[in-house]
>>> print(open('work_37.pdb').read())   # PDB, C-alpha atoms, pLDDT in the B column
ATOM      1  CA  MET A   1     -14.042 -25.041 -32.429  1.00 46.00           C
ATOM      2  CA  VAL A   2     -10.391 -25.674 -31.600  1.00 46.00           C
ATOM      3  CA  LEU A   3      -9.439 -22.380 -33.251  1.00 46.00           C
ATOM      4  CA  VAL A   4     -11.922 -20.426 -31.128  1.00 46.00           C
ATOM      5  CA  GLY A   5     -10.642 -22.085 -27.933  1.00 45.00           C
ATOM      6  CA  SER A   6      -7.056 -21.323 -28.930  1.00 42.00           C
ATOM      7  CA  ALA A   7      -7.927 -17.707 -29.666  1.00 42.00           C
ATOM      8  CA  VAL A   8      -9.573 -17.327 -26.263  1.00 40.00           C
ATOM      9  CA  ALA A   9      -6.577 -18.959 -24.553  1.00 40.00           C
ATOM     10  CA  LEU A  10      -4.183 -16.624 -26.383  1.00 41.00           C
ATOM     11  CA  THR A  11      -6.288 -13.617 -25.391  1.00 41.00           C
ATOM     12  CA  LEU A  12      -6.227 -14.674 -21.730  1.00 42.00           C
ATOM     13  CA  VAL A  13      -2.457 -15.203 -21.814  1.00 44.00           C
ATOM     14  CA  ALA A  14      -1.954 -11.817 -23.469  1.00 46.00           C
ATOM     15  CA  SER A  15      -4.177 -10.147 -20.858  1.00 45.00           C
ATOM     16  CA  ALA A  16      -2.285 -11.789 -18.002  1.00 48.00           C
ATOM     17  CA  ALA A  17       1.041 -10.763 -19.534  1.00 53.00           C
ATOM     18  CA  ALA A  18      -0.182  -7.157 -19.872  1.00 60.00           C
ATOM     19  CA  ALA A  19      -1.265  -6.956 -16.217  1.00 67.00           C
ATOM     20  CA  PRO A  20       1.306  -5.180 -14.066  1.00 77.00           C
ATOM     21  CA  ALA A  21       3.215  -7.226 -11.517  1.00 86.00           C
ATOM     22  CA  PRO A  22       1.969  -6.738  -7.964  1.00 94.00           C
ATOM     23  CA  ARG A  23       3.911  -4.121  -5.969  1.00 95.00           C
ATOM     24  CA  VAL A  24       4.468  -6.730  -3.235  1.00 98.00           C
ATOM     25  CA  PRO A  25       5.477 -10.150  -4.638  1.00 97.00           C
ATOM     26  CA  LEU A  26       2.787 -12.821  -4.261  1.00 97.00           C
ATOM     27  CA  PRO A  27       4.943 -15.160  -2.102  1.00 97.00           C
ATOM     28  CA  VAL A  28       5.483 -12.257   0.314  1.00 98.00           C
ATOM     29  CA  GLN A  29       1.748 -11.568   0.374  1.00 98.00           C
ATOM     30  CA  VAL A  30       1.148 -15.209   1.320  1.00 98.00           C
ATOM     31  CA  GLN A  31       3.655 -14.871   4.186  1.00 97.00           C
ATOM     32  CA  ILE A  32       1.994 -11.678   5.431  1.00 98.00           C
ATOM     33  CA  LYS A  33      -1.487 -13.225   5.280  1.00 97.00           C
ATOM     34  CA  HIS A  34      -0.273 -16.297   7.168  1.00 96.00           C
ATOM     35  CA  ARG A  35       1.748 -14.476   9.864  1.00 96.00           C
ATOM     36  CA  ALA A  36      -0.464 -11.408  10.421  1.00 96.00           C
ATOM     37  CA  PRO A  37      -3.980 -12.126   9.122  1.00 95.00           C
ATOM     38  CA  LEU A  38      -5.616  -9.157  10.886  1.00 95.00           C
ATOM     39  CA  LEU A  39      -3.112  -6.702   9.351  1.00 97.00           C
ATOM     40  CA  ALA A  40      -2.755  -8.322   5.922  1.00 97.00           C
ATOM     41  CA  TYR A  41      -2.815  -5.230   3.685  1.00 98.00           C
ATOM     42  CA  VAL A  42      -0.583  -4.197   0.782  1.00 98.00           C
ATOM     43  CA  PRO A  43      -0.488  -1.188  -1.534  1.00 98.00           C
ATOM     44  CA  THR A  44      -1.381  -1.861  -5.144  1.00 96.00           C
ATOM     45  CA  ARG A  45       0.451   1.298  -6.279  1.00 95.00           C
ATOM     46  CA  THR A  46       3.724   2.976  -5.415  1.00 94.00           C
ATOM     47  CA  ALA A  47       5.534   5.974  -6.799  1.00 92.00           C
ATOM     48  CA  ILE A  48       7.334   5.491 -10.119  1.00 92.00           C
ATOM     49  CA  GLY A  49      10.740   3.885  -9.703  1.00 94.00           C
ATOM     50  CA  PHE A  50      10.063   2.367  -6.279  1.00 96.00           C
ATOM     51  CA  ARG A  51      10.346  -1.384  -5.819  1.00 97.00           C
ATOM     52  CA  TYR A  52       9.635  -3.774  -2.991  1.00 98.00           C
ATOM     53  CA  SER A  53      12.573  -4.135  -0.590  1.00 97.00           C
ATOM     54  CA  GLN A  54      11.458  -6.030   2.529  1.00 98.00           C
ATOM     55  CA  TRP A  55       8.715  -6.535   5.083  1.00 98.00           C
ATOM     56  CA  LEU A  56       8.602  -7.168   8.794  1.00 96.00           C
ATOM     57  CA  ARG A  57       6.014  -7.912  11.415  1.00 96.00           C
ATOM     58  CA  THR A  58       6.033  -6.580  14.938  1.00 94.00           C
ATOM     59  CA  THR A  59       3.477  -7.328  17.625  1.00 90.00           C
ATOM     60  CA  GLU A  60       1.475  -4.277  16.530  1.00 95.00           C
ATOM     61  CA  THR A  61       2.278  -3.728  12.836  1.00 97.00           C
ATOM     62  CA  VAL A  62       3.033  -5.056   9.400  1.00 98.00           C
ATOM     63  CA  GLN A  63       5.639  -2.855   7.698  1.00 98.00           C
ATOM     64  CA  ILE A  64       6.525  -3.030   3.996  1.00 98.00           C
ATOM     65  CA  GLU A  65       9.465  -1.040   2.621  1.00 98.00           C
ATOM     66  CA  PHE A  66       9.916   0.228  -0.936  1.00 98.00           C
ATOM     67  CA  VAL A  67      13.085   1.898  -2.239  1.00 97.00           C
ATOM     68  CA  ASN A  68      14.269   3.583  -5.419  1.00 95.00           C
ATOM     69  CA  LYS A  69      17.718   3.805  -7.015  1.00 95.00           C
ATOM     70  CA  ALA A  70      18.438   7.135  -5.311  1.00 92.00           C
ATOM     71  CA  GLY A  71      17.986   5.501  -1.903  1.00 91.00           C
ATOM     72  CA  PHE A  72      14.650   7.182  -1.135  1.00 92.00           C
ATOM     73  CA  GLU A  73      12.196   5.021   0.752  1.00 95.00           C
ATOM     74  CA  ILE A  74       8.477   4.670   1.299  1.00 96.00           C
ATOM     75  CA  ASN A  75       7.170   2.612   4.192  1.00 97.00           C
ATOM     76  CA  PHE A  76       3.677   1.145   4.110  1.00 98.00           C
ATOM     77  CA  VAL A  77       2.355   0.177   7.538  1.00 98.00           C
ATOM     78  CA  ALA A  78      -0.831  -1.533   8.710  1.00 98.00           C
ATOM     79  CA  THR A  79      -1.636  -1.197  12.412  1.00 97.00           C
ATOM     80  CA  ARG A  80      -4.661  -1.169  14.709  1.00 96.00           C
ATOM     81  CA  GLN A  81      -6.436   2.185  14.859  1.00 95.00           C
ATOM     82  CA  TYR A  82      -7.347   3.622  18.230  1.00 92.00           C
ATOM     83  CA  GLY A  83      -9.246   6.887  18.543  1.00 92.00           C
ATOM     84  CA  HIS A  84     -10.253   9.198  15.702  1.00 95.00           C
ATOM     85  CA  CYS A  85      -8.646   8.611  12.315  1.00 96.00           C
ATOM     86  CA  ARG A  86      -8.413  12.359  11.623  1.00 96.00           C
ATOM     87  CA  ALA A  87      -6.341  13.078  14.732  1.00 95.00           C
ATOM     88  CA  GLY A  88      -3.110  14.880  13.853  1.00 95.00           C
ATOM     89  CA  MET A  89      -3.981  15.646  10.248  1.00 96.00           C
ATOM     90  CA  GLU A  90      -2.765  18.804   8.522  1.00 96.00           C
ATOM     91  CA  LYS A  91      -4.458  18.158   5.172  1.00 95.00           C
ATOM     92  CA  SER A  92      -6.968  15.732   3.741  1.00 96.00           C
ATOM     93  CA  TYR A  93      -7.492  14.436   0.225  1.00 93.00           C
ATOM     94  CA  GLN A  94     -10.101  12.394  -1.589  1.00 95.00           C
ATOM     95  CA  LEU A  95      -8.026   9.909  -3.626  1.00 94.00           C
ATOM     96  CA  ASP A  96      -9.373   6.941  -5.567  1.00 91.00           C
ATOM     97  CA  GLY A  97     -12.617   7.262  -3.608  1.00 93.00           C
ATOM     98  CA  ASN A  98     -10.839   7.157  -0.225  1.00 95.00           C
ATOM     99  CA  LYS A  99     -10.467   9.875   2.398  1.00 97.00           C
ATOM    100  CA  VAL A 100      -6.730  10.216   3.066  1.00 97.00           C
ATOM    101  CA  TYR A 101      -5.094  12.370   5.744  1.00 97.00           C
ATOM    102  CA  TRP A 102      -1.581  13.845   5.726  1.00 97.00           C
ATOM    103  CA  SER A 103       0.851  15.386   8.212  1.00 96.00           C
ATOM    104  CA  HIS A 104       4.572  15.959   8.565  1.00 94.00           C
ATOM    105  CA  THR A 105       7.339  16.618  11.038  1.00 92.00           C
ATOM    106  CA  GLY A 106      10.901  17.771  10.450  1.00 87.00           C
ATOM    107  CA  ALA A 107      11.970  14.150   9.968  1.00 89.00           C
ATOM    108  CA  GLU A 108       9.054  12.535   8.134  1.00 93.00           C
ATOM    109  CA  GLN A 109       5.825  12.986   6.244  1.00 96.00           C
ATOM    110  CA  GLN A 110       2.981  10.519   6.272  1.00 97.00           C
ATOM    111  CA  ALA A 111      -0.400   9.894   4.722  1.00 97.00           C
ATOM    112  CA  TRP A 112      -2.973   7.546   6.205  1.00 98.00           C
ATOM    113  CA  ARG A 113      -6.510   6.266   6.038  1.00 97.00           C
ATOM    114  CA  CYS A 114      -8.581   3.968   8.194  1.00 97.00           C
ATOM    115  CA  VAL A 115     -10.472   0.882   7.077  1.00 97.00           C
ATOM    116  CA  THR A 116     -12.700  -1.640   8.786  1.00 95.00           C
ATOM    117  CA  GLY A 117     -10.699  -4.837   8.873  1.00 91.00           C
ATOM    118  CA  ALA A 118     -11.317  -8.419   9.866  1.00 84.00           C
ATOM    119  CA  LEU A 119     -13.582  -8.940  12.860  1.00 86.00           C
ATOM    120  CA  GLY A 120     -14.825  -5.339  12.461  1.00 90.00           C
ATOM    121  CA  ARG A 121     -11.616  -3.870  13.906  1.00 92.00           C
ATOM    122  CA  GLN A 122     -10.354  -0.527  12.678  1.00 95.00           C
ATOM    123  CA  VAL A 123      -7.031  -0.669  10.839  1.00 97.00           C
ATOM    124  CA  ARG A 124      -4.856   2.330  10.035  1.00 98.00           C
ATOM    125  CA  LEU A 125      -2.944   2.165   6.739  1.00 98.00           C
ATOM    126  CA  VAL A 126       0.032   4.540   6.627  1.00 98.00           C
ATOM    127  CA  ALA A 127       2.514   5.474   3.900  1.00 97.00           C
ATOM    128  CA  SER A 128       5.486   7.429   5.210  1.00 96.00           C
ATOM    129  CA  SER A 129       8.761   8.772   3.912  1.00 95.00           C
ATOM    130  CA  PRO A 130      11.685  10.698   5.369  1.00 94.00           C
ATOM    131  CA  GLN A 131      11.824  12.794   2.177  1.00 90.00           C
ATOM    132  CA  PRO A 132      10.356  16.270   2.779  1.00 87.00           C
ATOM    133  CA  PRO A 133       7.322  17.455   0.779  1.00 87.00           C
ATOM    134  CA  THR A 134       9.676  19.618  -1.313  1.00 86.00           C
ATOM    135  CA  LYS A 135      11.319  16.411  -2.637  1.00 86.00           C
ATOM    136  CA  PHE A 136       8.386  14.001  -2.573  1.00 86.00           C
ATOM    137  CA  ALA A 137       4.836  15.276  -3.040  1.00 89.00           C
ATOM    138  CA  ALA A 138       2.389  14.709  -0.210  1.00 90.00           C
ATOM    139  CA  VAL A 139      -0.233  13.490  -2.652  1.00 91.00           C
ATOM    140  CA  GLY A 140       2.237  10.801  -3.825  1.00 92.00           C
ATOM    141  CA  LEU A 141       2.130   9.207  -0.381  1.00 95.00           C
ATOM    142  CA  GLY A 142      -1.624   9.680  -0.383  1.00 95.00           C
ATOM    143  CA  LEU A 143      -1.949   7.661  -3.580  1.00 96.00           C
ATOM    144  CA  VAL A 144       0.105   4.824  -2.106  1.00 97.00           C
ATOM    145  CA  VAL A 145      -2.075   4.599   0.994  1.00 97.00           C
ATOM    146  CA  ALA A 146      -5.295   5.050  -0.987  1.00 97.00           C
ATOM    147  CA  SER A 147      -4.367   1.960  -2.999  1.00 97.00           C
ATOM    148  CA  GLY A 148      -3.992  -0.212   0.121  1.00 97.00           C
ATOM    149  CA  LYS A 149      -6.026  -3.421  -0.142  1.00 97.00           C
ATOM    150  CA  ARG A 150      -6.633  -6.391   2.101  1.00 97.00           C
ATOM    151  CA  ILE A 151      -4.772  -9.465   0.868  1.00 96.00           C
ATOM    152  CA  PRO A 152      -7.456 -11.890  -0.347  1.00 92.00           C
TER     153      PRO A 152
END
>>> encode(input="work_37.pdb", output="structure tokens")
Amino acid sequence: MVLVGSAVALTLVASAAAAPAPRVPLPVQVQIKHRAPLLAYVPTRTAIGFRYSQWLRTTETVQIEFVNKAGFEINFVATRQYGHCRAGMEKSYQLDGNKVYWSHTGAEQQAWRCVTGALGRQVRLVASSPQPPTKFAAVGLGLVVASGKRIP
């Protein structure tokens, strides 16, 4: 019986070790949940080579920044949604079962989706980057925002 218990324990440890680290460190997630409970969302995926850099809270948003070695950045933002979620979209994608919208300007591209948050309020999740679509694929930002989850 001890051998079976040890085997199960080893399997659980191996499974935990194989699980990827969260894109936003757990202590940071706790801070976000505590300081901005209505906007407590994080992406579970980012583009390859991007790592968590910092987060900040304003009166209207939670912003999480990711950077890579080349200095490119992706910003993940949770904010209240007012009006229609589709407003301003140029393209839309169905990614990981989520409807994601995309647009760009000369200075930035962004992908977003809307979710029903705490207290039934609409929340807009946005992934943006100053890199143009020729250097960073629009669908890459879409995948980041599609992976956005409420912090449990």
>>> atom_distance(input="work_37.pdb", atom1="atom CA of A:Tyr41", atom2="atom CA of A:Gln54")
14.3 Å
>>> resolve_selection(input="work_37.pdb", expression="the PyMOL selection byres ((chain A and resi 48) around 12)", output="ChimeraX atom specification")
/A:23,45-47,49-52,66-69,72-74,136,140-141,143-144
>>> residues_around(input="work_37.pdb", residues="A:Val126", least_positions_apart="5", cutoff="7 Å", atoms="only C-alpha atoms", output="ChimeraX atom specification")
/A:76-78,110-113,145
>>> closest_residue(input="work_37.pdb", among="A:Gln63, A:Thr58, A:Gln81, A:Gln122", to="A:Val28", atoms="only C-alpha atoms")
A:Gln63
>>> resolve_selection(input="work_37.pdb", expression="the PyMOL selection byres ((chain A and resi 35-38) around 9)", output="JSON, numbers by chain")
{"A": [30, 31, 32, 33, 34, 39, 40, 41, 57, 61, 62, 80, 117, 118, 119, 121, 123, 151]}
>>> atom_distance(input="work_37.pdb", atom1="atom CA of A:Thr105", atom2="atom CA of A:Val24")
27.5 Å
>>> closest_residue(input="work_37.pdb", among="A:Asn98, A:Thr44, A:Asn75, A:Ser92", to="A:Ala138", atoms="only C-alpha atoms")
A:Ser92
>>> atom_distance(input="work_37.pdb", atom1="atom CA of A:Gly71", atom2="atom CA of A:Ala21")
21.7 Å
>>> resolve_selection(input="work_37.pdb", expression="the PyMOL selection byres ((chain A and resi 103) around 7)", output="number ranges by chain")
A: 88-91, 102, 104, 109-111
>>> closest_residue(input="work_37.pdb", among="A:Cys85, A:Ala70, A:Leu95, A:Val139", to="A:Thr116", atoms="all atoms listed in the file")
A:Cys85
>>> axis_aligned_box(input="work_37.pdb", around="stretch 144-149 of chain A", padding_each_side="6 Å", output="AutoDock Vina command-line options")
--center_x -3.0 --center_y 0.8 --center_z -1.0 --size_x 18.1 --size_y 20.5 --size_z 16.0
>>> closest_residue(input="work_37.pdb", among="A:Thr59, A:Pro130, A:Val42, A:His84", to="A:Ala107", atoms="all atoms listed in the file")
A:Pro130
>>> closest_residue(input="work_37.pdb", among="A:Pro43, A:Arg150, A:Leu125, A:Gly142", to="A:Tyr93", atoms="all atoms listed in the file")
A:Gly142
>>> decode(input="work_37.pdb", residues="stretch 128-141 of chain A", atoms="N, CA and C atoms", output="CSV table (one decimal), in the first residue's frame")
chain,number,residue,atom,x,y,z
A,128,SER,N,-2.6,44.6,-26.8
A,128,SER,CA,-2.2,45.6,-27.8
A,128,SER,C,-0.7,45.5,-27.9
A,129,SER,N,-0.2,46.1,-29.0
A,129,SER,CA,1.3,46.1,-29.2
A,129,SER,C,1.6,47.2,-30.2
A,130,PRO,N,2.7,48.0,-30.0
A,130,PRO,CA,3.0,49.0,-31.0
A,130,PRO,C,3.7,48.4,-32.2
A,131,GLN,N,4.0,47.1,-32.2
A,131,GLN,CA,4.6,46.5,-33.4
A,131,GLN,C,3.5,46.4,-34.5
A,132,PRO,N,3.8,46.8,-35.7
A,132,PRO,CA,2.8,46.7,-36.8
A,132,PRO,C,2.5,45.2,-37.2
A,133,PRO,N,1.4,45.0,-37.8
A,133,PRO,CA,1.0,43.6,-38.2
A,133,PRO,C,2.1,42.9,-39.1
A,134,THR,N,2.9,43.7,-39.8
A,134,THR,CA,4.0,43.1,-40.6
A,134,THR,C,5.1,42.5,-39.7
A,135,LYS,N,5.2,42.9,-38.5
A,135,LYS,CA,6.2,42.4,-37.6
A,135,LYS,C,5.7,41.5,-36.5
A,136,PHE,N,4.4,41.6,-36.2
A,136,PHE,CA,3.7,40.8,-35.2
A,136,PHE,C,2.3,40.5,-35.7
A,137,ALA,N,2.0,39.3,-35.9
A,137,ALA,CA,0.8,38.9,-36.5
A,137,ALA,C,-0.4,39.2,-35.7
A,138,ALA,N,-1.5,39.7,-36.3
A,138,ALA,CA,-2.7,40.1,-35.7
A,138,ALA,C,-3.3,39.0,-34.9
A,139,VAL,N,-3.2,37.8,-35.4
A,139,VAL,CA,-3.8,36.6,-34.7
A,139,VAL,C,-3.0,36.3,-33.5
A,140,GLY,N,-1.7,36.7,-33.4
A,140,GLY,CA,-0.9,36.5,-32.2
A,140,GLY,C,-1.5,37.2,-31.0
A,141,LEU,N,-1.9,38.5,-31.3
A,141,LEU,CA,-2.6,39.3,-30.2
A,141,LEU,C,-3.9,38.7,-29.9
